[in-house]
>>> print(open('start09.cif').read())   # mmCIF, C-alpha atoms
data_run
loop_
_atom_site.label_atom_id
_atom_site.label_comp_id
_atom_site.auth_asym_id
_atom_site.auth_seq_id
_atom_site.Cartn_x
_atom_site.Cartn_y
_atom_site.Cartn_z
CA MET A 679 5.42 4.56 18.61
CA GLU A 680 8.96 5.93 18.44
CA TRP A 681 10.58 7.44 15.35
CA ILE A 682 14.15 6.75 14.29
CA PRO A 683 16.28 8.07 11.42
CA ALA A 684 17.04 5.91 8.40
CA LYS A 685 19.77 6.20 5.79
CA THR A 686 18.20 3.75 3.36
CA ILE A 687 14.96 1.82 2.97
CA LEU A 688 15.39 -0.38 -0.08
CA GLN A 689 18.10 -3.04 -0.14
CA SER A 690 19.11 -4.69 -3.39
CA ILE A 691 19.62 -8.44 -3.16
CA ARG A 692 20.65 -11.02 -5.67
CA TYR A 693 17.59 -12.70 -7.18
CA ASN A 694 16.56 -15.10 -4.42
CA GLU A 695 15.37 -18.35 -5.95
CA HIS A 696 15.25 -19.92 -2.51
CA TRP A 697 12.92 -17.32 -0.98
CA PHE A 698 10.06 -16.28 -3.25
CA GLY A 699 12.25 -14.81 -5.98
CA LEU A 700 12.92 -11.43 -4.36
CA ASP A 701 15.01 -8.74 -6.04
CA TYR A 702 14.86 -6.17 -3.22
CA ASN A 703 13.94 -6.10 0.43
CA MET A 704 12.68 -3.42 2.79
CA ASN A 705 11.43 -3.03 6.34
CA LEU A 706 9.38 0.06 7.02
CA TYR A 707 9.25 -0.47 10.78
CA LYS A 708 11.79 -1.70 13.32
CA GLY A 709 10.55 -3.97 16.09
CA CYS A 710 7.17 -5.65 16.40
CA CYS A 711 4.46 -5.82 19.05
CA HIS A 712 2.66 -8.99 17.94
CA GLY A 713 4.40 -10.85 20.74
CA CYS A 714 4.95 -14.15 18.91
CA ILE A 715 6.85 -16.31 21.37
CA TYR A 716 9.14 -17.87 18.74
CA CYS A 717 10.13 -14.80 16.69
CA ASP A 718 13.63 -15.15 15.18
CA SER A 719 13.99 -11.37 14.93
CA ARG A 720 14.59 -11.26 18.68
CA SER A 721 17.97 -12.88 18.03
CA GLU A 722 21.01 -10.95 19.19
CA CYS A 723 22.54 -10.97 15.71
CA TYR A 724 19.90 -8.50 14.44
CA ARG A 725 20.78 -5.95 17.12
CA ILE A 726 17.22 -4.81 17.74
CA GLU A 727 16.97 -3.62 21.32
CA ASN A 728 13.55 -3.58 23.01
CA PHE A 729 12.13 -5.61 20.15
CA ASP A 730 8.53 -5.26 21.38
CA THR A 731 8.68 -1.49 20.86
CA VAL A 732 7.69 -0.52 17.33
CA ARG A 733 9.74 2.24 15.74
CA GLY A 734 8.85 3.97 12.51
CA LYS A 735 11.53 5.28 10.18
CA SER A 736 11.42 9.05 9.74
CA ASP A 737 10.74 10.29 6.19
CA CYS A 738 10.85 6.70 4.96
CA LEU A 739 8.41 7.28 2.10
CA SER A 740 10.38 10.22 0.71
CA LEU A 741 13.54 8.16 0.99
CA LEU A 742 11.88 5.17 -0.65
CA GLU A 743 10.69 7.25 -3.59
CA GLN A 744 14.21 8.58 -4.17
CA GLU A 745 15.58 5.03 -4.14
CA LEU A 746 12.90 3.69 -6.48
CA LYS A 747 13.58 6.48 -8.95
CA ALA A 748 17.29 5.67 -8.90
CA LYS A 749 16.90 1.97 -9.69
CA ARG A 750 17.76 1.01 -13.26
CA LYS A 751 15.64 -2.12 -13.07
CA THR A 752 12.32 -2.81 -11.43
CA GLY A 753 11.75 -6.05 -9.54
CA VAL A 754 9.92 -7.70 -6.67
CA VAL A 755 10.29 -6.02 -3.28
CA GLY A 756 10.00 -8.15 -0.16
CA ILE A 757 8.20 -6.60 2.81
CA GLY A 758 7.91 -7.94 6.35
CA SER A 759 11.00 -10.06 6.84
CA MET A 760 12.17 -8.52 10.13
CA SER A 761 8.97 -7.09 11.57
CA ASP A 762 5.32 -7.30 10.59
CA THR A 763 4.57 -4.26 8.43
CA TYR A 764 0.91 -4.39 9.52
CA ASN A 765 1.42 -3.63 13.20
CA PRO A 766 -1.36 -1.70 15.02
CA PHE A 767 0.31 1.68 14.35
CA GLU A 768 -0.08 1.13 10.62
CA LYS A 769 -3.80 1.87 11.01
CA GLN A 770 -2.95 5.46 11.90
CA PHE A 771 0.25 6.20 10.00
CA LYS A 772 -0.40 4.18 6.81
CA ILE A 773 3.30 3.89 6.03
CA THR A 774 2.87 0.50 4.37
CA ARG A 775 -0.02 1.77 2.30
CA GLY A 776 2.09 4.71 1.16
CA ALA A 777 4.97 2.39 0.25
CA LEU A 778 2.68 0.14 -1.78
CA LYS A 779 1.42 3.16 -3.71
CA LEU A 780 5.00 4.08 -4.57
CA LEU A 781 5.81 0.53 -5.68
CA GLN A 782 2.80 0.63 -7.97
CA GLN A 783 3.67 4.08 -9.29
CA TYR A 784 7.22 3.05 -10.24
CA GLY A 785 6.35 -0.37 -11.63
CA PHE A 786 7.72 -2.63 -8.87
CA GLY A 787 6.21 -5.89 -7.69
CA VAL A 788 5.71 -6.97 -4.09
CA SER A 789 6.09 -10.09 -1.96
CA LEU A 790 4.58 -9.27 1.41
CA ALA A 791 4.46 -11.41 4.57
CA THR A 792 2.15 -10.70 7.50
CA LYS A 793 0.02 -12.25 10.24
CA SER A 794 -2.43 -9.36 10.31
CA ASP A 795 -5.79 -9.13 8.57
CA LEU A 796 -5.16 -5.38 8.22
CA VAL A 797 -3.60 -6.28 4.87
CA THR A 798 -7.13 -6.45 3.43
CA ARG A 799 -7.38 -2.67 3.82
CA ASP A 800 -4.93 -2.30 0.94
CA ILE A 801 -6.61 -4.66 -1.52
CA ASP A 802 -7.23 -1.78 -3.93
CA ILE A 803 -3.52 -0.96 -4.24
CA LEU A 804 -2.50 -4.61 -4.37
CA GLN A 805 -4.91 -5.10 -7.26
CA ASP A 806 -3.30 -2.17 -9.09
CA ILE A 807 0.16 -3.65 -8.54
CA ALA A 808 -1.01 -7.06 -9.75
CA LYS A 809 -2.21 -5.58 -13.04
CA GLN A 810 1.34 -4.71 -14.06
CA SER A 811 3.79 -6.58 -11.80
CA PRO A 812 4.14 -9.73 -9.69
CA CYS A 813 2.15 -9.49 -6.47
CA LEU A 814 2.32 -12.12 -3.74
CA ILE A 815 0.79 -12.07 -0.26
CA LYS A 816 1.96 -14.61 2.32
CA ILE A 817 -0.07 -14.91 5.50
CA THR A 818 1.59 -16.83 8.31
CA VAL A 819 -0.57 -19.40 10.08
CA THR A 820 1.04 -21.89 12.46
CA THR A 821 -1.93 -23.60 14.08
CA ALA A 822 -5.49 -24.44 13.16
CA SER A 823 -6.54 -23.67 16.74
CA ASP A 824 -7.55 -20.11 17.56
CA GLU A 825 -7.02 -20.88 21.25
CA LEU A 826 -3.43 -21.98 20.69
CA SER A 827 -2.70 -19.11 18.31
CA GLN A 828 -3.69 -16.67 21.07
CA LYS A 829 -1.06 -18.24 23.31
CA ILE A 830 1.85 -18.35 20.87
CA GLU A 831 0.96 -15.19 18.87
CA PRO A 832 -0.89 -13.19 21.52
CA HIS A 833 -1.21 -9.70 20.04
CA VAL A 834 -2.32 -10.45 16.48
CA CYS A 835 -5.56 -11.76 15.03
CA VAL A 836 -6.32 -15.46 15.49
CA SER A 837 -5.84 -18.07 12.80
CA SER A 838 -9.46 -18.10 11.62
CA LYS A 839 -9.33 -14.35 10.91
CA ARG A 840 -6.15 -14.83 8.91
CA PHE A 841 -7.87 -17.43 6.76
CA SER A 842 -10.73 -14.97 6.26
CA ALA A 843 -8.15 -12.44 5.05
CA VAL A 844 -6.79 -15.00 2.60
CA GLU A 845 -10.30 -15.54 1.28
CA GLN A 846 -10.87 -11.80 0.79
CA LEU A 847 -7.55 -11.37 -1.00
CA ARG A 848 -8.15 -14.34 -3.27
CA LYS A 849 -11.66 -13.19 -4.17
CA SER A 850 -10.03 -9.91 -5.19
CA GLY A 851 -7.76 -11.77 -7.59
CA ILE A 852 -4.54 -11.43 -5.57
CA PHE A 853 -2.08 -14.33 -5.51
CA THR A 854 -2.20 -15.32 -1.84
CA GLY A 855 -1.12 -18.28 0.23
CA ILE A 856 0.01 -19.54 3.62
CA LEU A 857 3.38 -19.59 5.34
CA LEU A 858 3.27 -22.58 7.66
CA MET A 859 6.28 -21.72 9.75
CA PRO A 860 7.52 -22.35 12.24
CA VAL A 861 6.10 -25.77 13.05
CA LEU A 862 6.85 -25.91 16.77
CA PRO A 863 8.15 -29.23 18.11
CA PHE A 864 5.87 -30.77 20.74
CA LEU A 865 3.28 -28.02 20.19
CA THR A 866 2.06 -27.76 16.60
CA ASP A 867 3.88 -30.68 14.96
CA THR A 868 0.91 -33.05 14.82
CA GLU A 869 -0.60 -34.76 11.82
CA GLU A 870 -3.99 -33.40 12.87
CA ASN A 871 -2.73 -29.81 12.79
CA ILE A 872 -1.01 -30.19 9.42
CA ARG A 873 -4.04 -31.80 7.78
CA ALA A 874 -6.36 -29.16 9.22
CA LEU A 875 -4.17 -26.26 8.05
CA VAL A 876 -3.92 -27.57 4.50
CA ARG A 877 -7.67 -28.15 4.37
CA MET A 878 -8.38 -24.67 5.75
CA ALA A 879 -5.95 -23.14 3.27
CA SER A 880 -7.80 -24.84 0.43
CA ASN A 881 -11.19 -23.76 1.76
CA SER A 882 -10.00 -20.15 1.89
CA GLY A 883 -8.92 -20.27 -1.76
CA ALA A 884 -5.18 -20.10 -1.08
CA LYS A 885 -2.93 -20.75 -4.06
CA PHE A 886 -0.09 -22.24 -2.05
CA ILE A 887 1.14 -23.27 1.37
CA TYR A 888 4.85 -23.28 2.16
CA ALA A 889 6.09 -25.08 5.25
CA LEU A 890 9.23 -25.59 7.35
CA PHE A 891 8.93 -28.33 9.94
CA GLY A 892 10.79 -26.93 12.90
CA VAL A 893 11.92 -23.73 14.57
CA THR A 894 15.22 -21.88 14.85
CA LEU A 895 16.50 -20.88 18.28
CA ARG A 896 19.50 -18.71 19.08
CA GLN A 897 20.69 -16.16 21.64
CA ASN A 898 17.94 -13.86 22.92
CA GLN A 899 15.30 -15.70 20.94
CA ARG A 900 15.93 -18.98 22.78
CA SER A 901 15.83 -17.43 26.25
CA TYR A 902 12.59 -15.56 25.48
CA TYR A 903 10.98 -18.65 23.97
CA TYR A 904 11.90 -20.82 26.93
CA GLN A 905 10.58 -18.17 29.31
CA GLN A 906 7.25 -18.23 27.52
CA LEU A 907 7.17 -22.03 27.51
CA ASP A 908 7.69 -22.06 31.27
CA GLN A 909 4.77 -19.67 31.73
CA GLN A 910 2.29 -21.25 29.35
CA PHE A 911 3.40 -24.84 28.79
CA PRO A 912 5.12 -26.07 31.98
CA GLY A 913 7.55 -28.91 31.36
CA LEU A 914 7.95 -28.28 27.65
CA LYS A 915 11.26 -26.47 28.00
CA ALA A 916 12.83 -29.63 29.40
CA GLN A 917 11.77 -31.54 26.29
CA TYR A 918 13.49 -28.93 24.09
CA VAL A 919 16.68 -28.98 26.12
CA SER A 920 16.74 -32.78 26.03
CA ALA A 921 15.98 -33.03 22.32
CA PHE A 922 17.98 -30.12 20.91
CA GLY A 923 20.48 -28.83 23.46
CA GLU A 924 21.90 -25.59 22.06
CA SER A 925 21.14 -26.41 18.41
CA TYR A 926 20.13 -23.57 16.13
CA GLU A 927 17.86 -25.70 13.97
CA CYS A 928 15.28 -27.54 16.01
CA CYS A 929 13.49 -29.81 13.58
CA SER A 930 10.38 -31.63 14.63
CA PRO A 931 11.13 -35.26 15.52
CA GLN A 932 8.24 -36.10 13.17
CA ALA A 933 9.44 -33.82 10.36
CA LYS A 934 9.87 -36.55 7.76
CA GLU A 935 6.49 -38.13 8.43
CA LEU A 936 4.74 -34.78 8.62
CA TYR A 937 6.22 -33.63 5.32
CA THR A 938 4.85 -36.76 3.65
CA VAL A 939 1.39 -35.99 5.04
CA PHE A 940 1.76 -32.35 4.05
CA ARG A 941 2.77 -33.17 0.47
CA GLU A 942 -0.07 -35.65 0.03
CA GLU A 943 -2.63 -33.18 1.39
CA CYS A 944 -1.36 -30.34 -0.81
CA GLU A 945 -1.56 -32.53 -3.89
CA LYS A 946 -5.04 -33.70 -2.92
CA TYR A 947 -6.24 -30.09 -2.67
CA HIS A 948 -4.18 -28.88 -5.66
CA LEU A 949 -2.13 -26.42 -3.63
CA LEU A 950 1.37 -25.40 -4.66
CA TYR A 951 3.95 -26.24 -1.99
CA ARG A 952 7.36 -26.24 -3.69
CA MET A 953 9.25 -22.93 -3.78
CA PRO A 954 10.15 -23.06 -7.52
CA ASP A 955 6.51 -23.71 -8.42
CA ILE A 956 5.26 -20.84 -6.27
CA ILE A 957 7.80 -18.42 -7.76
CA ALA A 958 7.00 -19.50 -11.31
CA ALA A 959 3.28 -19.09 -10.74
CA TYR A 960 3.24 -15.62 -9.22
CA ARG A 961 6.04 -14.14 -11.33
CA LYS A 962 4.50 -15.35 -14.57
CA PRO A 963 4.54 -12.56 -17.21
CA LYS A 964 1.26 -10.65 -17.29
CA THR A 965 0.80 -11.23 -21.02
CA GLU A 966 1.04 -14.97 -20.44
CA GLN A 967 -1.45 -14.81 -17.58
CA LEU A 968 -3.91 -12.89 -19.76
CA SER A 969 -3.62 -15.37 -22.59
CA LEU A 970 -4.25 -18.28 -20.23
CA GLU A 971 -7.33 -16.56 -18.80
CA LEU A 972 -8.69 -15.96 -22.30
#
>>> encode(input="start09.cif", output="structure tokens")
Amino acid sequence: MEWIPAKTILQSIRYNEHWFGLDYNMNLYKGCCHGCIYCDSRSECYRIENFDTVRGKSDCLSLLEQELKAKRKTGVVGIGSMSDTYNPFEKQFKITRGALKLLQQYGFGVSLATKSDLVTRDIDILQDIAKQSPCLIKITVTTASDELSQKIEPHVCVSSKRFSAVEQLRKSGIFTGILLMPVLPFLTDTEENIRALVRMASNSGAKFIYALFGVTLRQNQRSYYYQQLDQQFPGLKAQYVSAFGESYECCSPQAKELYTVFREECEKYHLLYRMPDIIAAYRKPKTEQLSLEL
């Protein structure tokens, strides 16, 4: 892993009611080696060269502590928006674990997204955060098939292991659910896949499942994705070109029908699936949560 300098770690954002109610955002690593064929962070607009090379940010924990101390208000910090914070190097360097300890120490909450079951290593700290602040873990799962997940997300644990991680987190009392995104047109946009994922989410004890029925494609991301389609799914690129041309948003042709199935399945299994409901549930004041439990 390479090391790069950083001027800042924590970015203040306006309360984001459209994306899990974040107040701050941070990325502890730059680049990702999970190799997901559809990753939006490959896009030219993010200016991340050699995206598959993971780079750590020098002295990021010292810098983060300074920034946390300087904040007048605590809030929920988003982690993992640009690169998965639980890449393989995290096992050795424990940067994410150190950051979580600092968030707990200074009274901040966390909304963390990952595809890696390494997140279960930090259950102890996540439990400490959850005692005093909002704590949300989002594990991305795009297909119920382990075989297909190995093709489209080749260097990260398969879907079944991610569901096992959800189960461990939930048994530890941590508010955890599934990010079902992207739903890849002509690959994962089947009623069978959607039904299976909702059922598996319920079986794992997930509190929610949030879905977007399509994929975004732009600049470098599109060319990389099409290259991977040619290698692994011959003929599929032509379907994309025919259906979407150069469109940024590539919604599944079955999006409307699939959302109906998705909504019905979530309601059947009592899973949250609307963003406002998810935010309200995990950001609920601790005193209110305690009173409900009593």
>>> resolve_selection(input="start09.cif", expression="the PyMOL selection byres ((chain A and resi 832) around 12)", output="list of chain:residue names")
A:Cys711, A:His712, A:Gly713, A:Cys714, A:Ile715, A:Tyr716, A:Lys793, A:Ser794, A:Asp824, A:Glu825, A:Leu826, A:Ser827, A:Gln828, A:Lys829, A:Ile830, A:Glu831, A:His833, A:Val834, A:Cys835, A:Val836, A:Ser837, A:Gln906, A:Gln910
>>> resolve_selection(input="start09.cif", expression="the PyMOL selection byres ((chain A and resi 725) around 12)", output="ChimeraX atom specification")
/A:708-709,718-724,726-729,760,897-899
>>> resolve_selection(input="start09.cif", expression="the PyMOL selection byres ((chain A and resi 881-891) around 9)", output="JSON, numbers by chain")
{"A": [816, 841, 842, 843, 844, 845, 846, 848, 849, 853, 854, 855, 856, 857, 858, 859, 860, 861, 862, 863, 867, 876, 877, 878, 879, 880, 892, 893, 928, 929, 930, 932, 933, 934, 936, 937, 940, 944, 948, 949, 950, 951, 952, 953, 956]}
>>> residues_around(input="start09.cif", residues="Gln689 in chain A", least_positions_apart="3", cutoff="9 Å", atoms="all atoms listed in the file", output="ChimeraX atom specification")
/A:686,701-704,755
>>> residues_around(input="start09.cif", residues="Gly851 in chain A", least_positions_apart="4", cutoff="9 Å", atoms="only C-alpha atoms", output="ChimeraX atom specification")
/A:805,808,846-847
>>> atom_distance(input="start09.cif", atom1="CA of Lys747 in chain A", atom2="CA of Gln770 in chain A")
26.6 Å
>>> residues_around(input="start09.cif", residues="Asp762 in chain A", least_positions_apart="2", cutoff="7 Å", atoms="only C-alpha atoms", output="list in words")
Cys710, Gly758, Met760, Tyr764, Asn765 and Thr792 of chain A
>>> atom_distance(input="start09.cif", atom1="CA of Thr752 in chain A", atom2="CA of Leu781 in chain A")
9.3 Å
>>> atom_distance(input="start09.cif", atom1="CA of Leu790 in chain A", atom2="CA of Thr938 in chain A")
27.6 Å
>>> decode(input="start09.cif", residues="range 807-848 of chain A", atoms="N, CA and C atoms", output="mmCIF file, in the first residue's frame")
data_model
loop_
_atom_site.group_PDB
_atom_site.id
_atom_site.type_symbol
_atom_site.label_atom_id
_atom_site.label_comp_id
_atom_site.auth_asym_id
_atom_site.auth_seq_id
_atom_site.Cartn_x
_atom_site.Cartn_y
_atom_site.Cartn_z
ATOM 1 N N ILE A 807 -20.056 2.882 20.433
ATOM 2 C CA ILE A 807 -20.620 4.044 19.756
ATOM 3 C C ILE A 807 -22.136 4.044 19.883
ATOM 4 N N ALA A 808 -22.737 2.867 19.673
ATOM 5 C CA ALA A 808 -24.194 2.757 19.680
ATOM 6 C C ALA A 808 -24.808 3.066 21.041
ATOM 7 N N LYS A 809 -24.033 2.949 22.101
ATOM 8 C CA LYS A 809 -24.555 3.250 23.433
ATOM 9 C C LYS A 809 -24.834 4.729 23.618
ATOM 10 N N GLN A 810 -24.149 5.580 22.845
ATOM 11 C CA GLN A 810 -24.262 7.017 23.065
ATOM 12 C C GLN A 810 -24.679 7.812 21.826
ATOM 13 N N SER A 811 -24.518 7.223 20.639
ATOM 14 C CA SER A 811 -24.733 7.966 19.394
ATOM 15 C C SER A 811 -25.360 7.062 18.339
ATOM 16 N N PRO A 812 -25.908 7.636 17.269
ATOM 17 C CA PRO A 812 -26.428 6.811 16.181
ATOM 18 C C PRO A 812 -25.319 5.970 15.547
ATOM 19 N N CYS A 813 -25.632 4.734 15.249
ATOM 20 C CA CYS A 813 -24.645 3.830 14.653
ATOM 21 C C CYS A 813 -25.357 2.959 13.626
ATOM 22 N N LEU A 814 -24.937 3.076 12.380
ATOM 23 C CA LEU A 814 -25.583 2.383 11.267
ATOM 24 C C LEU A 814 -24.531 1.696 10.410
ATOM 25 N N ILE A 815 -24.725 0.411 10.155
ATOM 26 C CA ILE A 815 -23.835 -0.325 9.257
ATOM 27 C C ILE A 815 -24.641 -0.773 8.041
ATOM 28 N N LYS A 816 -24.116 -0.436 6.860
ATOM 29 C CA LYS A 816 -24.752 -0.798 5.592
ATOM 30 C C LYS A 816 -23.819 -1.744 4.848
ATOM 31 N N ILE A 817 -24.273 -2.948 4.603
ATOM 32 C CA ILE A 817 -23.464 -3.909 3.870
ATOM 33 C C ILE A 817 -24.063 -4.092 2.479
ATOM 34 N N THR A 818 -23.260 -3.812 1.472
ATOM 35 C CA THR A 818 -23.730 -3.903 0.096
ATOM 36 C C THR A 818 -23.779 -5.354 -0.377
ATOM 37 N N VAL A 819 -24.940 -5.756 -0.877
ATOM 38 C CA VAL A 819 -25.112 -7.068 -1.498
ATOM 39 C C VAL A 819 -25.927 -6.849 -2.771
ATOM 40 N N THR A 820 -25.419 -7.303 -3.893
ATOM 41 C CA THR A 820 -26.081 -7.053 -5.172
ATOM 42 C C THR A 820 -26.698 -8.295 -5.796
ATOM 43 N N THR A 821 -26.281 -9.457 -5.330
ATOM 44 C CA THR A 821 -26.798 -10.696 -5.898
ATOM 45 C C THR A 821 -26.879 -11.772 -4.825
ATOM 46 N N ALA A 822 -27.886 -12.614 -4.935
ATOM 47 C CA ALA A 822 -28.029 -13.721 -4.000
ATOM 48 C C ALA A 822 -27.094 -14.871 -4.339
ATOM 49 N N SER A 823 -26.476 -14.812 -5.502
ATOM 50 C CA SER A 823 -25.606 -15.884 -5.983
ATOM 51 C C SER A 823 -24.152 -15.616 -5.634
ATOM 52 N N ASP A 824 -23.534 -16.501 -4.881
ATOM 53 C CA ASP A 824 -22.112 -16.371 -4.583
ATOM 54 C C ASP A 824 -21.272 -16.452 -5.859
ATOM 55 N N GLU A 825 -21.695 -17.315 -6.779
ATOM 56 C CA GLU A 825 -20.953 -17.473 -8.032
ATOM 57 C C GLU A 825 -20.934 -16.179 -8.830
ATOM 58 N N LEU A 826 -22.089 -15.509 -8.917
ATOM 59 C CA LEU A 826 -22.147 -14.264 -9.661
ATOM 60 C C LEU A 826 -21.419 -13.149 -8.920
ATOM 61 N N SER A 827 -21.509 -13.136 -7.603
ATOM 62 C CA SER A 827 -20.818 -12.092 -6.843
ATOM 63 C C SER A 827 -19.308 -12.173 -7.045
ATOM 64 N N GLN A 828 -18.776 -13.388 -7.215
ATOM 65 C CA GLN A 828 -17.348 -13.539 -7.462
ATOM 66 C C GLN A 828 -16.940 -12.953 -8.807
ATOM 67 N N LYS A 829 -17.867 -12.918 -9.745
ATOM 68 C CA LYS A 829 -17.571 -12.364 -11.062
ATOM 69 C C LYS A 829 -17.650 -10.843 -11.072
ATOM 70 N N ILE A 830 -18.645 -10.277 -10.404
ATOM 71 C CA ILE A 830 -18.840 -8.832 -10.487
ATOM 72 C C ILE A 830 -18.164 -8.079 -9.340
ATOM 73 N N GLU A 831 -17.800 -8.790 -8.274
ATOM 74 C CA GLU A 831 -17.089 -8.207 -7.125
ATOM 75 C C GLU A 831 -15.983 -9.172 -6.716
ATOM 76 N N PRO A 832 -14.964 -9.335 -7.554
ATOM 77 C CA PRO A 832 -14.060 -10.481 -7.470
ATOM 78 C C PRO A 832 -13.131 -10.556 -6.271
ATOM 79 N N HIS A 833 -12.789 -9.434 -5.655
ATOM 80 C CA HIS A 833 -11.770 -9.470 -4.612
ATOM 81 C C HIS A 833 -12.315 -9.135 -3.223
ATOM 82 N N VAL A 834 -13.565 -9.480 -2.997
ATOM 83 C CA VAL A 834 -14.190 -9.255 -1.696
ATOM 84 C C VAL A 834 -15.008 -10.494 -1.375
ATOM 85 N N CYS A 835 -15.369 -10.660 -0.125
ATOM 86 C CA CYS A 835 -16.082 -11.875 0.270
ATOM 87 C C CYS A 835 -17.412 -12.002 -0.472
ATOM 88 N N VAL A 836 -17.861 -13.235 -0.672
ATOM 89 C CA VAL A 836 -19.081 -13.503 -1.420
ATOM 90 C C VAL A 836 -20.313 -13.090 -0.620
ATOM 91 N N SER A 837 -21.436 -13.066 -1.302
ATOM 92 C CA SER A 837 -22.676 -12.573 -0.703
ATOM 93 C C SER A 837 -23.051 -13.306 0.578
ATOM 94 N N SER A 838 -22.916 -14.613 0.600
ATOM 95 C CA SER A 838 -23.324 -15.378 1.785
ATOM 96 C C SER A 838 -22.516 -14.971 3.014
ATOM 97 N N LYS A 839 -21.241 -14.649 2.834
ATOM 98 C CA LYS A 839 -20.417 -14.209 3.962
ATOM 99 C C LYS A 839 -20.834 -12.821 4.431
ATOM 100 N N ARG A 840 -21.309 -11.998 3.517
ATOM 101 C CA ARG A 840 -21.788 -10.674 3.914
ATOM 102 C C ARG A 840 -23.059 -10.797 4.757
ATOM 103 N N PHE A 841 -23.931 -11.711 4.368
ATOM 104 C CA PHE A 841 -25.130 -11.929 5.173
ATOM 105 C C PHE A 841 -24.767 -12.480 6.553
ATOM 106 N N SER A 842 -23.739 -13.304 6.613
ATOM 107 C CA SER A 842 -23.274 -13.799 7.920
ATOM 108 C C SER A 842 -22.772 -12.643 8.782
ATOM 109 N N ALA A 843 -22.108 -11.673 8.141
ATOM 110 C CA ALA A 843 -21.646 -10.493 8.871
ATOM 111 C C ALA A 843 -22.825 -9.685 9.400
ATOM 112 N N VAL A 844 -23.854 -9.544 8.574
ATOM 113 C CA VAL A 844 -25.063 -8.849 9.031
ATOM 114 C C VAL A 844 -25.625 -9.542 10.265
ATOM 115 N N GLU A 845 -25.686 -10.848 10.227
ATOM 116 C CA GLU A 845 -26.224 -11.608 11.355
ATOM 117 C C GLU A 845 -25.394 -11.380 12.618
ATOM 118 N N GLN A 846 -24.082 -11.391 12.499
ATOM 119 C CA GLN A 846 -23.225 -11.154 13.667
ATOM 120 C C GLN A 846 -23.421 -9.747 14.238
ATOM 121 N N LEU A 847 -23.507 -8.774 13.360
ATOM 122 C CA LEU A 847 -23.693 -7.398 13.799
ATOM 123 C C LEU A 847 -25.042 -7.223 14.488
ATOM 124 N N ARG A 848 -26.076 -7.808 13.914
ATOM 125 C CA ARG A 848 -27.408 -7.667 14.496
ATOM 126 C C ARG A 848 -27.497 -8.377 15.851
#
